[in-house]
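All remarks here apply to the structure that follows.
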Protein chains: 2
Amino acid sequence: MASRLSPASDWATRIHAIGARVTPARLAVLGLLERAEQALSHREIEEALSSGFDRVTLYRVLDWLVESGLGHRVTDAERVFRFSIASPANAAHGEHAHFRCEACGKVFCLDDVPVPTAPLPAGFSGKAVEYCITGQCARCDHKDHS
Amino acid sequence: MASRLSPASDWATRIHAIGARVTPARLAVLGLLERAEQALSHREIEEALSSGFDRVTLYRVLDWLVESGLGHRVTDAERVFRFSIASPANAAHGEHAHFRCEACGKVFCLDDVPVPTAPLPAGFSGKAVEYCITGQCARCDHKDHS
DNA sequence: CGCGCTCATGCAACTCAGTTGCAATTGATA
DNA sequence: TATCAATTGCAACTGAGTTGCATGAGCGCG
């Protein structure tokens, strides 16, 4: 898979396939998230799409995105939600690691990092696992050394 | 309630040792958190301590608690902060696993569960790790089976 | 192509967690 | 006990996210 295929047109198809309506707001958000290399907050999305969707519309698109399984939500350390496209890998085993850069504040989805499993105390049954590493991302780490 | 050593008096000593002032609010919060078996939210603390500390005072006590290293903060899925006492184990390696029960919403500190480490992509340097498992706690799991 | 049902959008007002500024109080030290 | 900085309480504020309701836009159907 060199390029992730799928120009905007593909989203319309996928949206349609799940029985939902294809709207400008949804296409815009999906396109933006697909281009983004990290999980974006509502605020960031609002600013990037300054072309004028309503705050609330974006919230609803993002909710829909998570509900429909196309997207994926994390709560970051600053207690704001961040959204990303659910990659095939994510969708498959339902969980993947995140990395939060202390320097630039960005949250990356580490699709290639396996989520380790830990043994639980007796009586506890785990379903989902959240695994988030905090530190410096490649870009900020590089800046430090220069 | 088999008592983890340290009655209230011990807190006064520890607070004093780190060069901070011993106040009723701090003692109340520390005592409450010590008794609690899960991380508590500001709201829960406020209700438990209905004896009338100001909202803001509690926020400040909690901030102080984390800053001073006596306490420990997690952001839960509902995007609210939860606080717990930093156990010696926590303090030692600085990180430990959490468990969030979907049924009762409580957050437990799993001091005995080792936090697994995962390999990072090149250029990324990790500092802290957050490891949170979601599922059913022993109590709620038990209820299901009865 | 146009009709109409339903869902999506925009607007305004709201909730709730957490923060800030400032004056009054209190803890610890001398 | 007097002193002074740290802590508290109050009030007002911020910013993320939610809700209700009227309007507008998809899209399936004839």
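Labeling convention for the structure tokens: chains A, B, ... as they appear, residues from 1 per chain, ligands from 1 in order of appearance.
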Residue hits in chain B, query chain D, radius 12 Å, only C-alpha atoms (C1' of nucleotides), as a ChimeraX atom specification: /B:19-26,52-61,64,78-80
DSSP strand (DSSP E) residues within stretch 39-112 of chain A, listed as a PyMOL selection string: chain A and resi 40-41+71-75+81-85+97-101+107-110
Include N, CA and C atoms and write out the residues we just selected as a short mmCIF file (atom, residue, chain, number, x, y, z; two decimals), in the first residue's frame.
```cif
data_model
loop_
_atom_site.label_atom_id
_atom_site.label_comp_id
_atom_site.auth_asym_id
_atom_site.auth_seq_id
_atom_site.Cartn_x
_atom_site.Cartn_y
_atom_site.Cartn_z
N LEU A 40 -6.51 14.96 15.89
CA LEU A 40 -6.82 16.39 15.99
C LEU A 40 -7.93 16.65 16.99
N SER A 41 -7.84 17.80 17.63
CA SER A 41 -8.91 18.20 18.54
C SER A 41 -9.99 18.92 17.74
N GLY A 71 -14.14 6.49 12.69
CA GLY A 71 -13.17 7.29 13.45
C GLY A 71 -12.94 6.73 14.81
N HIS A 72 -12.21 7.49 15.56
CA HIS A 72 -11.58 6.95 16.73
C HIS A 72 -11.29 8.12 17.67
N ARG A 73 -11.57 7.96 18.95
CA ARG A 73 -11.45 9.09 19.87
C ARG A 73 -10.51 8.79 21.03
N VAL A 74 -9.64 9.75 21.34
CA VAL A 74 -8.78 9.64 22.51
C VAL A 74 -9.01 10.87 23.37
N THR A 75 -8.82 10.70 24.66
CA THR A 75 -8.84 11.86 25.55
C THR A 75 -7.40 12.21 25.87
N PHE A 81 -10.85 15.95 23.76
CA PHE A 81 -10.96 14.80 22.88
C PHE A 81 -10.14 15.04 21.62
N ARG A 82 -9.51 13.99 21.14
CA ARG A 82 -8.81 14.07 19.87
C ARG A 82 -9.30 12.95 18.97
N PHE A 83 -9.39 13.25 17.68
CA PHE A 83 -9.99 12.29 16.77
C PHE A 83 -9.04 11.92 15.65
N SER A 84 -9.16 10.68 15.23
CA SER A 84 -8.36 10.22 14.11
C SER A 84 -9.17 9.21 13.31
N ILE A 85 -8.71 8.99 12.09
CA ILE A 85 -9.35 7.99 11.25
C ILE A 85 -9.01 6.60 11.79
N ALA A 97 -1.58 1.81 20.11
CA ALA A 97 -0.88 2.69 21.03
C ALA A 97 -0.91 4.14 20.56
N HIS A 98 -0.80 5.05 21.50
CA HIS A 98 -0.70 6.47 21.17
C HIS A 98 0.59 7.03 21.74
N PHE A 99 1.03 8.09 21.10
CA PHE A 99 2.20 8.78 21.60
C PHE A 99 1.88 10.26 21.71
N ARG A 100 2.13 10.83 22.87
CA ARG A 100 1.87 12.25 23.06
C ARG A 100 3.18 12.98 23.27
N CYS A 101 3.45 13.95 22.42
CA CYS A 101 4.70 14.70 22.53
C CYS A 101 4.54 15.84 23.53
N VAL A 107 -0.58 14.38 19.31
CA VAL A 107 -0.84 12.98 19.64
C VAL A 107 -0.75 12.15 18.36
N PHE A 108 0.09 11.16 18.37
CA PHE A 108 0.27 10.32 17.21
C PHE A 108 -0.32 8.94 17.46
N CYS A 109 -0.86 8.35 16.42
CA CYS A 109 -1.29 6.96 16.52
C CYS A 109 -0.14 6.09 16.09
N LEU A 110 0.30 5.23 16.96
CA LEU A 110 1.41 4.34 16.63
C LEU A 110 0.85 3.01 16.15
#
```
Which one is closest to chain B: C:DA30, C:DA13, C:DG4, C:DG18? Count only C-alpha atoms (C1' of nucleotides). C:DG18
Interface list for chain B, partner chain A, 8 Å threshold, only C-alpha atoms, as a PyMOL selection string: chain B and resi 75-77+79-81+113-139+141-142
C:DC1, C:DA12, C:DA28, C:DC22: which is nearest chain A, counting only C-alpha atoms (C1' of nucleotides)?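 With only C-alpha atoms (C1' of nucleotides) as the atom set, the closest residue is C:DA12.
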Distance atom CA of A:Ala36-atom C1' of C:DT9, one decimal place?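 Those two atoms sit 24.8 Å apart.
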Once chain B is fitted onto chain A by least squares over all its in-order Cα atoms, send the moved chain as a short mmCIF file (atom, residue, chain, number, x, y, z; two decimals) with C-alpha atoms, in the first residue's frame.
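Okay, part_33.cif is ready:
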```cif
data_model
loop_
_atom_site.label_atom_id
_atom_site.label_comp_id
_atom_site.auth_asym_id
_atom_site.auth_seq_id
_atom_site.Cartn_x
_atom_site.Cartn_y
_atom_site.Cartn_z
CA MET B 1 1.79 12.92 0.57
CA ALA B 2 2.32 9.70 -1.24
CA SER B 3 -1.40 9.17 -0.98
CA ARG B 4 -2.92 6.39 1.03
CA LEU B 5 -5.15 5.47 -1.87
CA SER B 6 -8.67 6.80 -1.44
CA PRO B 7 -9.27 10.29 -2.74
CA ALA B 8 -12.39 11.98 -1.46
CA SER B 9 -14.59 9.93 -3.72
CA ASP B 10 -13.77 6.79 -1.82
CA TRP B 11 -15.16 8.24 1.39
CA ALA B 12 -18.46 8.89 -0.27
CA THR B 13 -18.62 5.23 -1.17
CA ARG B 14 -17.69 4.05 2.30
CA ILE B 15 -20.15 6.40 3.94
CA HIS B 16 -22.85 5.24 1.63
CA ALA B 17 -21.96 1.61 2.32
CA ILE B 18 -22.72 2.00 6.01
CA GLY B 19 -26.08 3.52 5.22
CA ALA B 20 -25.28 7.08 6.18
CA ARG B 21 -25.67 10.31 4.28
CA VAL B 22 -22.81 11.83 2.38
CA THR B 23 -22.53 15.45 3.41
CA PRO B 24 -19.90 18.14 2.85
CA ALA B 25 -19.08 18.34 6.54
CA ARG B 26 -18.43 14.61 6.78
CA LEU B 27 -16.29 14.54 3.68
CA ALA B 28 -14.30 17.54 4.86
CA VAL B 29 -13.65 16.06 8.29
CA LEU B 30 -12.77 12.63 6.96
CA GLY B 31 -10.46 14.11 4.36
CA LEU B 32 -8.75 16.27 6.92
CA LEU B 33 -8.27 13.47 9.42
CA GLU B 34 -6.93 11.21 6.72
CA ARG B 35 -4.33 13.77 5.74
CA ALA B 36 -3.39 14.48 9.36
CA GLU B 37 -0.64 12.37 10.78
CA GLN B 38 -1.85 12.79 14.32
CA ALA B 39 -5.13 12.83 16.17
CA LEU B 40 -6.80 16.23 15.94
CA SER B 41 -8.88 18.10 18.46
CA HIS B 42 -12.22 19.67 17.65
CA ARG B 43 -10.57 23.05 17.86
CA GLU B 44 -7.85 22.13 15.39
CA ILE B 45 -10.39 20.72 12.98
CA GLU B 46 -12.51 23.84 13.26
CA GLU B 47 -9.51 26.02 12.42
CA ALA B 48 -8.31 23.83 9.58
CA LEU B 49 -11.79 23.84 8.07
CA SER B 50 -12.27 27.56 8.49
CA SER B 51 -14.49 27.38 5.45
CA GLY B 52 -17.31 27.67 7.91
CA PHE B 53 -18.95 24.63 9.37
CA ASP B 54 -20.72 25.24 12.60
CA ARG B 55 -18.99 24.23 15.85
CA VAL B 56 -21.88 21.98 16.70
CA THR B 57 -21.94 20.36 13.29
CA LEU B 58 -18.33 19.38 13.70
CA TYR B 59 -19.02 17.94 17.13
CA ARG B 60 -21.84 15.92 15.65
CA VAL B 61 -19.80 14.75 12.68
CA LEU B 62 -17.09 13.61 15.08
CA ASP B 63 -19.57 11.79 17.27
CA TRP B 64 -21.05 10.10 14.24
CA LEU B 65 -17.59 9.18 13.07
CA VAL B 66 -16.80 7.37 16.30
CA GLU B 67 -20.22 5.74 16.53
CA SER B 68 -20.05 4.46 12.99
CA GLY B 69 -16.64 3.00 13.59
CA LEU B 70 -14.93 5.10 10.93
CA GLY B 71 -13.17 7.12 13.56
CA HIS B 72 -11.58 6.84 16.85
CA ARG B 73 -11.46 9.02 19.96
CA VAL B 74 -8.77 9.61 22.57
CA THR B 75 -8.84 11.89 25.59
CA ASP B 76 -5.57 13.77 25.83
CA ALA B 77 -3.76 14.95 28.93
CA GLU B 78 -5.25 18.43 28.58
CA ARG B 79 -8.64 16.78 28.90
CA VAL B 80 -9.74 17.40 25.34
CA PHE B 81 -10.93 14.80 22.87
CA ARG B 82 -8.79 14.01 19.85
CA PHE B 83 -9.99 12.19 16.80
CA SER B 84 -8.36 10.05 14.16
CA ILE B 85 -9.34 7.76 11.34
CA ALA B 86 -9.75 4.16 12.38
CA SER B 87 -7.20 2.37 10.26
CA PRO B 88 -7.89 -1.20 9.16
CA ALA B 89 -5.33 -2.32 11.73
CA ASN B 90 -7.12 -0.41 14.49
CA ALA B 91 -10.46 -1.69 13.46
CA ALA B 92 -9.17 -5.23 13.46
CA HIS B 93 -7.99 -5.61 17.01
CA GLY B 94 -9.77 -2.56 18.25
CA GLU B 95 -6.86 -1.07 20.10
CA HIS B 96 -3.54 0.49 19.36
CA ALA B 97 -0.92 2.55 21.10
CA HIS B 98 -0.70 6.32 21.15
CA PHE B 99 2.24 8.60 21.53
CA ARG B 100 1.97 12.11 22.89
CA CYS B 101 4.85 14.47 22.27
CA GLU B 102 5.56 16.75 25.22
CA ALA B 103 7.30 19.28 23.01
CA CYS B 104 4.78 19.84 20.24
CA GLY B 105 1.71 18.41 21.98
CA LYS B 106 0.77 16.22 19.06
CA VAL B 107 -0.75 12.81 19.46
CA PHE B 108 0.32 10.05 17.10
CA CYS B 109 -1.28 6.71 16.48
CA LEU B 110 1.37 4.04 16.64
CA ASP B 111 -0.20 1.44 14.46
CA ASP B 112 2.93 -0.65 14.40
CA VAL B 113 3.47 -0.81 18.13
CA PRO B 114 1.80 -3.82 19.68
CA VAL B 115 -0.31 -3.11 22.72
CA PRO B 116 1.06 -5.20 25.52
CA THR B 117 -1.34 -6.99 27.80
CA ALA B 118 -0.91 -7.17 31.53
CA PRO B 119 -2.36 -9.61 34.02
CA LEU B 120 -5.31 -8.32 36.04
CA PRO B 121 -6.23 -8.91 39.67
CA ALA B 122 -8.78 -11.63 40.30
CA GLY B 123 -12.35 -10.69 39.43
CA PHE B 124 -11.39 -7.94 37.02
CA SER B 125 -12.17 -8.49 33.38
CA GLY B 126 -10.58 -6.22 30.85
CA LYS B 127 -12.17 -5.30 27.57
CA ALA B 128 -10.27 -2.42 26.05
CA VAL B 129 -6.78 -1.19 26.73
CA GLU B 130 -5.44 2.29 26.40
CA TYR B 131 -1.73 2.56 26.01
CA CYS B 132 -0.22 5.98 25.68
CA ILE B 133 3.45 6.83 25.79
CA THR B 134 4.56 10.35 26.52
CA GLY B 135 7.91 11.72 25.39
CA GLN B 136 9.47 13.34 22.39
CA CYS B 137 8.48 12.59 18.84
CA ALA B 138 11.02 12.05 16.09
CA ARG B 139 10.75 15.59 14.81
CA CYS B 140 11.12 17.33 18.16
CA ASP B 141 13.84 14.96 19.26
CA HIS B 142 15.73 15.82 16.12
CA LYS B 143 15.40 19.53 16.81
CA ASP B 144 16.91 19.05 20.24
CA HIS B 145 20.02 17.50 18.85
CA SER B 146 20.70 20.18 16.27
#
```
Could you go through chain B and tell me which residues DSSP, when run on the backbone, assigns to alpha helix (DSSP H), listing them as a PyMOL selection string? chain B and resi 8-17+24-35+42-48+55-67+88-93+138-145
Resulting file, chosen residues, C-alpha atoms, as a compact mmCIF listing (two decimals), in the first residue's frame:
```txt
# COMPACT_ATOMS: atom_id res chain seq x y z
CA ALA B 8 -3.87 11.28 60.12
CA SER B 9 -0.97 12.28 62.29
CA ASP B 10 1.48 10.71 59.91
CA TRP B 11 0.34 12.96 57.08
CA ALA B 12 1.07 16.02 59.14
CA THR B 13 4.62 14.77 59.55
CA ARG B 14 5.06 13.99 55.87
CA ILE B 15 3.61 17.32 54.83
CA HIS B 16 5.87 19.09 57.21
CA ALA B 17 8.85 17.11 55.95
CA PRO B 24 -7.28 20.99 57.48
CA ALA B 25 -8.10 20.83 53.79
CA ARG B 26 -4.89 18.98 52.97
CA LEU B 27 -5.31 16.52 55.80
CA ALA B 28 -8.92 15.88 54.85
CA VAL B 29 -8.09 15.25 51.20
CA LEU B 30 -5.11 13.06 51.95
CA GLY B 31 -7.07 11.06 54.48
CA LEU B 32 -9.93 10.59 52.08
CA LEU B 33 -7.74 9.54 49.19
CA GLU B 34 -5.87 7.13 51.40
CA ARG B 35 -9.10 5.46 52.45
CA HIS B 42 -12.82 16.52 42.32
CA ARG B 43 -16.57 16.19 42.41
CA GLU B 44 -16.47 12.99 44.45
CA ILE B 45 -14.03 14.52 46.88
CA GLU B 46 -16.19 17.60 47.25
CA GLU B 47 -19.21 15.46 48.07
CA ALA B 48 -17.36 13.17 50.45
CA ARG B 55 -14.46 24.12 45.41
CA VAL B 56 -11.40 26.14 44.56
CA THR B 57 -9.56 25.15 47.70
CA LEU B 58 -9.99 21.52 46.80
CA TYR B 59 -8.72 22.15 43.29
CA ARG B 60 -5.69 23.86 44.76
CA VAL B 61 -5.07 21.14 47.32
CA LEU B 62 -5.21 18.58 44.53
CA ASP B 63 -2.82 20.56 42.36
CA TRP B 64 -0.45 20.91 45.27
CA LEU B 65 -0.73 17.21 45.95
CA VAL B 66 0.37 16.33 42.43
CA GLU B 67 3.10 18.96 42.34
CA PRO B 88 5.77 4.07 47.39
CA ALA B 89 5.65 1.68 44.45
CA ASN B 90 4.27 4.40 42.17
CA ALA B 91 6.75 6.91 43.36
CA ALA B 92 9.58 4.49 42.74
CA HIS B 93 9.18 3.77 39.07
CA ALA B 138 -13.97 -7.89 40.46
CA ARG B 139 -17.05 -6.60 42.23
CA CYS B 140 -19.11 -5.86 39.13
CA ASP B 141 -17.98 -9.05 37.45
CA HIS B 142 -19.18 -10.95 40.46
CA LYS B 143 -22.56 -9.26 40.33
CA ASP B 144 -22.98 -10.34 36.73
CA HIS B 145 -22.53 -13.96 37.58
```
Counting only C-alpha atoms (C1' of nucleotides), which residues from chain C have an atom at most 9 Å from any atom of chain A, and could you show them as a PyMOL selection string? chain C and resi 7-11
Keeping only N, CA and C atoms (P, O5', C5', C4', C3', O3' and C1' of nucleotides), take the residues you just selected and write them out as a PDB file, in the first residue's frame.
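Output saved as out15.pdb:
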```
ATOM      1  P    DC C   7     -34.234   9.281  10.121  1.00  0.00           P
ATOM      2  O5'  DC C   7     -32.844  10.004   9.841  1.00  0.00           O
ATOM      3  C5'  DC C   7     -32.167   9.774   8.596  1.00  0.00           C
ATOM      4  C4'  DC C   7     -31.313  10.986   8.272  1.00  0.00           C
ATOM      5  C3'  DC C   7     -30.364  11.409   9.391  1.00  0.00           C
ATOM      6  O3'  DC C   7     -29.092  11.617   8.785  1.00  0.00           O
ATOM      7  C1'  DC C   7     -31.618  13.265   8.650  1.00  0.00           C
ATOM      8  P    DA C   8     -27.844  11.944   9.657  1.00  0.00           P
ATOM      9  O5'  DA C   8     -27.622  13.477   9.285  1.00  0.00           O
ATOM     10  C5'  DA C   8     -27.291  13.817   7.949  1.00  0.00           C
ATOM     11  C4'  DA C   8     -27.059  15.313   7.825  1.00  0.00           C
ATOM     12  C3'  DA C   8     -26.034  15.901   8.785  1.00  0.00           C
ATOM     13  O3'  DA C   8     -25.216  16.777   8.036  1.00  0.00           O
ATOM     14  C1'  DA C   8     -28.107  17.002   9.054  1.00  0.00           C
ATOM     15  P    DT C   9     -24.112  17.620   8.761  1.00  0.00           P
ATOM     16  O5'  DT C   9     -24.873  19.008   8.974  1.00  0.00           O
ATOM     17  C5'  DT C   9     -25.114  19.844   7.839  1.00  0.00           C
ATOM     18  C4'  DT C   9     -25.805  21.124   8.289  1.00  0.00           C
ATOM     19  C3'  DT C   9     -24.958  22.005   9.205  1.00  0.00           C
ATOM     20  O3'  DT C   9     -24.727  23.229   8.532  1.00  0.00           O
ATOM     21  C1'  DT C   9     -27.189  21.769  10.003  1.00  0.00           C
ATOM     22  P    DG C  10     -23.646  24.256   9.070  1.00  0.00           P
ATOM     23  O5'  DG C  10     -24.565  25.255   9.909  1.00  0.00           O
ATOM     24  C5'  DG C  10     -25.582  25.969   9.241  1.00  0.00           C
ATOM     25  C4'  DG C  10     -26.395  26.788  10.214  1.00  0.00           C
ATOM     26  C3'  DG C  10     -25.576  27.640  11.184  1.00  0.00           C
ATOM     27  O3'  DG C  10     -26.106  28.956  11.135  1.00  0.00           O
ATOM     28  C1'  DG C  10     -27.147  26.303  12.377  1.00  0.00           C
ATOM     29  P    DC C  11     -25.330  30.180  11.768  1.00  0.00           P
ATOM     30  O5'  DC C  11     -26.156  30.456  13.094  1.00  0.00           O
ATOM     31  C5'  DC C  11     -27.569  30.636  13.002  1.00  0.00           C
ATOM     32  C4'  DC C  11     -28.203  30.514  14.375  1.00  0.00           C
ATOM     33  C3'  DC C  11     -27.432  31.203  15.504  1.00  0.00           C
ATOM     34  O3'  DC C  11     -28.272  32.173  16.095  1.00  0.00           O
ATOM     35  C1'  DC C  11     -28.185  29.063  16.152  1.00  0.00           C
TER      36       DC C  11
END
```
